[in-house]
$ cat final_1.cif   # mmCIF, C-alpha atoms
data_model
#
loop_
_atom_site.group_PDB
_atom_site.id
_atom_site.type_symbol
_atom_site.label_atom_id
_atom_site.label_comp_id
_atom_site.auth_asym_id
_atom_site.auth_seq_id
_atom_site.Cartn_x
_atom_site.Cartn_y
_atom_site.Cartn_z
ATOM 1 C CA MET A 1 -25.982 26.428 22.162
ATOM 2 C CA GLY A 2 -23.236 26.302 24.799
ATOM 3 C CA LYS A 3 -20.449 28.812 25.372
ATOM 4 C CA ILE A 4 -16.730 28.677 26.092
ATOM 5 C CA TYR A 5 -15.589 31.084 28.817
ATOM 6 C CA CYS A 6 -11.908 31.834 28.301
ATOM 7 C CA ILE A 7 -9.827 33.074 31.242
ATOM 8 C CA MET A 8 -6.623 34.706 30.061
ATOM 9 C CA GLY A 9 -3.896 36.991 31.269
ATOM 10 C CA LYS A 10 -0.165 37.264 31.749
ATOM 11 C CA SER A 11 1.693 34.638 33.739
ATOM 12 C CA SER A 12 1.191 34.697 37.527
ATOM 13 C CA THR A 13 -2.094 36.627 37.449
ATOM 14 C CA GLY A 14 -3.867 33.847 39.351
ATOM 15 C CA LYS A 15 -5.624 32.235 36.394
ATOM 16 C CA ASP A 16 -5.339 28.702 37.829
ATOM 17 C CA THR A 17 -6.728 29.769 41.212
ATOM 18 C CA LEU A 18 -9.602 31.680 39.595
ATOM 19 C CA PHE A 19 -10.299 28.723 37.316
ATOM 20 C CA LYS A 20 -10.574 26.310 40.266
ATOM 21 C CA LYS A 21 -12.804 28.660 42.280
ATOM 22 C CA ILE A 22 -15.180 29.335 39.359
ATOM 23 C CA LEU A 23 -15.280 25.682 38.360
ATOM 24 C CA GLY A 24 -16.188 24.854 41.966
ATOM 25 C CA ASP A 25 -19.398 26.906 41.718
ATOM 26 C CA GLU A 26 -21.843 24.096 40.942
ATOM 27 C CA SER A 27 -24.614 26.551 40.057
ATOM 28 C CA LEU A 28 -22.659 27.415 36.880
ATOM 29 C CA ALA A 29 -22.317 23.735 35.832
ATOM 30 C CA LEU A 30 -19.184 24.445 33.790
ATOM 31 C CA LYS A 31 -17.115 21.718 32.179
ATOM 32 C CA THR A 32 -13.372 21.948 31.669
ATOM 33 C CA ILE A 33 -11.283 21.925 28.536
ATOM 34 C CA VAL A 34 -7.850 20.461 29.161
ATOM 35 C CA PRO A 35 -5.273 21.935 26.770
ATOM 36 C CA TYR A 36 -2.123 20.176 25.597
ATOM 37 C CA THR A 37 1.549 21.067 25.934
ATOM 38 C CA THR A 38 4.907 19.654 24.947
ATOM 39 C CA ARG A 39 6.631 21.259 27.945
ATOM 40 C CA PRO A 40 7.518 19.140 30.976
ATOM 41 C CA ALA A 41 5.105 19.104 33.913
ATOM 42 C CA ARG A 42 5.869 21.357 36.865
ATOM 43 C CA ALA A 43 5.920 20.027 40.406
ATOM 44 C CA GLY A 44 2.354 19.246 41.462
ATOM 45 C CA GLU A 45 0.910 19.192 37.941
ATOM 46 C CA LYS A 46 -0.934 16.055 36.874
ATOM 47 C CA ASN A 47 -1.366 14.790 33.322
ATOM 48 C CA GLY A 48 -4.947 15.373 32.193
ATOM 49 C CA VAL A 49 -5.656 17.986 34.875
ATOM 50 C CA GLU A 50 -3.769 21.220 34.071
ATOM 51 C CA TYR A 51 -2.611 19.921 30.669
ATOM 52 C CA TYR A 52 -2.158 16.792 28.656
ATOM 53 C CA PHE A 53 1.626 16.536 28.538
ATOM 54 C CA VAL A 54 2.592 15.101 25.149
ATOM 55 C CA SER A 55 5.685 14.684 23.012
ATOM 56 C CA PRO A 56 6.395 16.859 19.967
ATOM 57 C CA GLN A 57 5.819 13.703 17.891
ATOM 58 C CA LYS A 58 2.281 13.353 19.300
ATOM 59 C CA LEU A 59 1.583 16.980 18.351
ATOM 60 C CA GLU A 60 2.704 16.265 14.777
ATOM 61 C CA GLU A 61 0.473 13.158 14.632
ATOM 62 C CA MET A 62 -2.527 15.222 15.772
ATOM 63 C CA LYS A 63 -1.716 17.925 13.189
ATOM 64 C CA ASP A 64 -1.573 15.273 10.458
ATOM 65 C CA LYS A 65 -5.049 14.068 11.502
ATOM 66 C CA GLY A 66 -6.455 17.633 11.404
ATOM 67 C CA LYS A 67 -7.203 17.624 15.129
ATOM 68 C CA ILE A 68 -5.573 20.947 16.102
ATOM 69 C CA ILE A 69 -7.903 23.890 16.853
ATOM 70 C CA GLU A 70 -5.071 26.281 17.680
ATOM 71 C CA CYS A 71 -1.368 25.925 18.481
ATOM 72 C CA ARG A 72 1.280 28.287 19.823
ATOM 73 C CA GLY A 73 5.026 27.652 20.022
ATOM 74 C CA TYR A 74 7.444 29.416 22.370
ATOM 75 C CA ASN A 75 11.208 29.330 22.034
ATOM 76 C CA THR A 76 12.247 29.006 25.658
ATOM 77 C CA VAL A 77 15.689 28.718 27.209
ATOM 78 C CA HIS A 78 14.900 24.969 27.388
ATOM 79 C CA GLY A 79 13.888 24.600 23.739
ATOM 80 C CA LEU A 80 10.594 24.856 21.859
ATOM 81 C CA TRP A 81 7.479 24.374 24.007
ATOM 82 C CA ASN A 82 4.124 24.099 22.261
ATOM 83 C CA TYR A 83 0.714 24.718 23.782
ATOM 84 C CA PHE A 84 -2.416 23.745 21.878
ATOM 85 C CA THR A 85 -6.094 22.877 21.923
ATOM 86 C CA ALA A 86 -7.291 19.794 20.098
ATOM 87 C CA ASP A 87 -10.600 18.722 18.639
ATOM 88 C CA ASP A 88 -10.545 15.554 20.726
ATOM 89 C CA GLY A 89 -14.190 15.268 21.798
ATOM 90 C CA GLN A 90 -13.928 17.436 24.927
ATOM 91 C CA ILE A 91 -16.087 20.235 23.465
ATOM 92 C CA ASP A 92 -19.707 19.823 22.290
ATOM 93 C CA LEU A 93 -21.458 23.187 22.129
ATOM 94 C CA ASP A 94 -24.537 21.656 20.467
ATOM 95 C CA SER A 95 -25.278 19.830 23.729
ATOM 96 C CA ASP A 96 -25.724 23.199 25.513
ATOM 97 C CA ASN A 97 -22.722 22.425 27.717
ATOM 98 C CA ASN A 98 -20.754 25.448 28.883
ATOM 99 C CA TYR A 99 -16.989 25.300 29.298
ATOM 100 C CA LEU A 100 -14.271 27.061 31.268
ATOM 101 C CA TYR A 101 -10.849 27.348 29.652
ATOM 102 C CA ILE A 102 -7.513 29.007 30.459
ATOM 103 C CA GLY A 103 -5.813 30.474 27.403
ATOM 104 C CA THR A 104 -3.840 33.260 25.793
ATOM 105 C CA LEU A 105 -4.912 35.943 23.336
ATOM 106 C CA GLU A 106 -3.708 33.681 20.524
ATOM 107 C CA SER A 107 -5.636 30.649 21.783
ATOM 108 C CA TYR A 108 -8.699 32.848 22.299
ATOM 109 C CA LYS A 109 -8.470 34.028 18.671
ATOM 110 C CA GLY A 110 -8.090 30.432 17.483
ATOM 111 C CA MET A 111 -11.067 29.231 19.541
ATOM 112 C CA ARG A 112 -13.201 32.136 18.253
ATOM 113 C CA LYS A 113 -12.285 31.328 14.666
ATOM 114 C CA TYR A 114 -13.093 27.631 15.165
ATOM 115 C CA TYR A 115 -16.290 27.929 17.273
ATOM 116 C CA GLY A 116 -17.575 31.417 16.337
ATOM 117 C CA GLU A 117 -17.086 34.781 18.051
ATOM 118 C CA GLU A 118 -20.481 34.624 19.759
ATOM 119 C CA ASN A 119 -19.607 31.307 21.432
ATOM 120 C CA VAL A 120 -16.251 32.221 23.036
ATOM 121 C CA ILE A 121 -16.438 34.789 25.843
ATOM 122 C CA PRO A 122 -13.210 36.451 27.126
ATOM 123 C CA PHE A 123 -12.253 37.174 30.742
ATOM 124 C CA TYR A 124 -8.965 39.085 30.817
ATOM 125 C CA ILE A 125 -7.210 38.997 34.224
ATOM 126 C CA TYR A 126 -4.845 41.769 35.323
ATOM 127 C CA VAL A 127 -2.405 42.009 38.230
ATOM 128 C CA GLU A 128 -0.037 44.918 38.882
ATOM 129 C CA PRO A 129 3.385 43.995 37.367
ATOM 130 C CA GLY A 130 5.406 44.133 40.621
ATOM 131 C CA GLU A 131 2.919 41.849 42.383
ATOM 132 C CA ARG A 132 2.856 39.545 39.373
ATOM 133 C CA LEU A 133 6.657 39.224 39.348
ATOM 134 C CA SER A 134 6.677 38.536 43.083
ATOM 135 C CA ARG A 135 4.096 35.755 42.625
ATOM 136 C CA ALA A 136 6.096 34.264 39.742
ATOM 137 C CA VAL A 137 9.338 34.130 41.743
ATOM 138 C CA GLU A 138 7.557 32.600 44.735
ATOM 139 C CA ARG A 139 5.974 29.904 42.544
ATOM 140 C CA GLU A 140 9.305 29.125 40.879
ATOM 141 C CA ARG A 141 11.037 28.787 44.266
ATOM 142 C CA ARG A 142 8.717 25.872 45.057
ATOM 143 C CA GLN A 143 9.872 23.902 41.998
ATOM 144 C CA GLU A 144 12.374 21.093 42.434
ATOM 145 C CA ASN A 145 14.560 22.697 39.736
ATOM 146 C CA PRO A 146 13.657 26.397 39.536
ATOM 147 C CA LYS A 147 13.939 27.893 36.051
ATOM 148 C CA TYR A 148 14.432 31.583 36.815
ATOM 149 C CA THR A 149 15.801 32.403 33.361
ATOM 150 C CA GLU A 150 12.622 31.029 31.765
ATOM 151 C CA LEU A 151 10.531 32.959 34.303
ATOM 152 C CA CYS A 152 12.245 36.198 33.223
ATOM 153 C CA ARG A 153 11.857 35.412 29.520
ATOM 154 C CA ARG A 154 8.181 34.691 30.009
ATOM 155 C CA PHE A 155 7.584 37.806 32.115
ATOM 156 C CA ILE A 156 9.104 40.008 29.388
ATOM 157 C CA ALA A 157 7.354 38.126 26.559
ATOM 158 C CA ASP A 158 3.990 38.638 28.279
ATOM 159 C CA GLU A 159 4.406 42.406 27.932
ATOM 160 C CA GLU A 160 4.440 41.949 24.148
ATOM 161 C CA ASP A 161 1.936 39.088 23.958
ATOM 162 C CA PHE A 162 -0.644 40.957 26.063
ATOM 163 C CA SER A 163 0.019 44.514 24.899
ATOM 164 C CA ARG A 164 -2.879 46.952 25.130
ATOM 165 C CA GLU A 165 -3.064 47.053 21.328
ATOM 166 C CA LYS A 166 -3.390 43.266 21.071
ATOM 167 C CA ILE A 167 -6.048 43.159 23.793
ATOM 168 C CA LEU A 168 -8.118 45.817 21.995
ATOM 169 C CA GLU A 169 -7.479 44.172 18.608
ATOM 170 C CA VAL A 170 -9.391 41.049 19.684
ATOM 171 C CA GLY A 171 -12.250 43.124 21.093
ATOM 172 C CA ILE A 172 -11.602 42.756 24.819
ATOM 173 C CA ASP A 173 -12.918 45.859 26.532
ATOM 174 C CA LYS A 174 -13.357 44.628 30.109
ATOM 175 C CA ILE A 175 -10.527 43.812 32.505
ATOM 176 C CA TYR A 176 -10.868 41.856 35.752
ATOM 177 C CA GLU A 177 -8.305 42.999 38.314
ATOM 178 C CA ASN A 178 -7.193 40.132 40.558
ATOM 179 C CA ASP A 179 -5.988 42.022 43.610
ATOM 180 C CA LYS A 180 -8.803 40.663 45.813
ATOM 181 C CA LEU A 181 -9.499 37.039 44.900
ATOM 182 C CA PHE A 182 -13.061 36.790 46.248
ATOM 183 C CA GLU A 183 -14.104 40.001 44.491
ATOM 184 C CA CYS A 184 -12.538 38.942 41.173
ATOM 185 C CA VAL A 185 -14.213 35.499 41.307
ATOM 186 C CA ASN A 186 -17.546 37.128 42.138
ATOM 187 C CA ASN A 187 -17.268 39.601 39.221
ATOM 188 C CA ILE A 188 -16.462 36.841 36.720
ATOM 189 C CA GLU A 189 -19.214 34.530 38.012
ATOM 190 C CA ASN A 190 -21.800 37.314 37.829
ATOM 191 C CA ASP A 191 -20.827 38.036 34.219
ATOM 192 C CA ILE A 192 -20.965 34.327 33.297
ATOM 193 C CA LYS A 193 -24.488 34.138 34.757
ATOM 194 C CA LYS A 194 -25.598 36.849 32.303
ATOM 195 C CA TYR A 195 -24.961 34.368 29.466
ATOM 196 C CA LEU A 196 -26.615 31.324 31.090
#
$ encode --input "final_1.cif" --output "structure tokens"
Amino acid sequence: MGKIYCIMGKSSTGKDTLFKKILGDESLALKTIVPYTTRPARAGEKNGVEYYFVSPQKLEEMKDKGKIIECRGYNTVHGLWNYFTADDGQIDLDSDNNYLYIGTLESYKGMRKYYGEENVIPFYIYVEPGERLSRAVERERRQENPKYTELCRRFIADEEDFSREKILEVGIDKIYENDKLFECVNNIENDIKKYL
């Protein structure tokens, strides 16, 4: 049976960069799971790559059809943004495929409940808060219409969403510090190989 490897961490911890590097290691033969969101795409994001960008109405249609694995809503300064994973045919653990996924503690819990604890493996990424804030501001500066207020809201919300208590509550006992990219990628890849 295949596994789902879930990369998670606060915003601006380098999850997307780690994801791309690990996915690029052909020896792991990992497939991707593209999540969904109702938020607008950022500059450089492509539909079907980072996310499927859908309307709130599409989310409701998928809920009505029983296709939602897990869903989280965030009240942002720009309105409600939902992020979710759908049972849309992307995941087939019976085929022995292994998957790489970027999520949150809530999405990780939802995936574990849906696919079984033994089939969803967590990789929690940590970056020192000052460095993380610096990365977030730099990324936002590159946007056509920077949303600094939302950046601040998200930075503060992450402290609650990824509190030590919540991390321990879901059974995560190993943290991958992303202060040296190559080393962090190597540590995650080596741990994935233990499951293959």
$ atom_distance --input "final_1.cif" --atom1 "CA of Lys67 in chain A" --atom2 "CA of Ile172 in chain A"
27.3 Å
$ resolve_selection --input "final_1.cif" --expression "the PyMOL selection byres ((chain A and resi 53-61) around 12)" --output "PyMOL selection string"
chain A and resi 34-42+45-52+62-73+79-86
$ resolve_selection --input "final_1.cif" --expression "the PyMOL selection byres ((chain A and resi 92-109) around 8)" --output "number ranges by chain"
A: 1-9, 15-16, 19, 23, 29-34, 70-72, 84-85, 89-91, 110-113, 120, 122, 161-162, 166-167, 170
$ atom_distance --input "final_1.cif" --atom1 "CA of Tyr126 in chain A" --atom2 "CA of Tyr195 in chain A"
22.2 Å
$ atom_distance --input "final_1.cif" --atom1 "CA of Phe123 in chain A" --atom2 "CA of Glu150 in chain A"
25.6 Å
$ closest_residue --input "final_1.cif" --among "A:Ala43, A:Asp87, A:Ile188, A:Gly14" --to "Tyr115 in chain A" --atoms "all atoms listed in the file"
A:Asp87
$ resolve_selection --input "final_1.cif" --expression "the PyMOL selection byres ((chain A and resi 191) around 12)" --output "MDAnalysis selection string"
chainID A and resid 5 22 28 121:123 174:176 184:190 192:196
$ closest_residue --input "final_1.cif" --among "A:Glu117, A:Asp88, A:Lys147, A:Val77" --to "Gly171 in chain A" --atoms "only C-alpha atoms"
A:Glu117
$ closest_residue --input "final_1.cif" --among "A:Ile125, A:Leu151, A:Leu133, A:Leu18" --to "His78 in chain A" --atoms "all atoms listed in the file"
A:Leu151
$ closest_residue --input "final_1.cif" --among "A:Ala157, A:Leu168, A:Leu181, A:Val127" --to "Tyr74 in chain A" --atoms "only C-alpha atoms"
A:Ala157
$ closest_residue --input "final_1.cif" --among "A:Tyr148, A:Gly116, A:Ser163, A:Gly44" --to "Ala136 in chain A" --atoms "all atoms listed in the file"
A:Tyr148
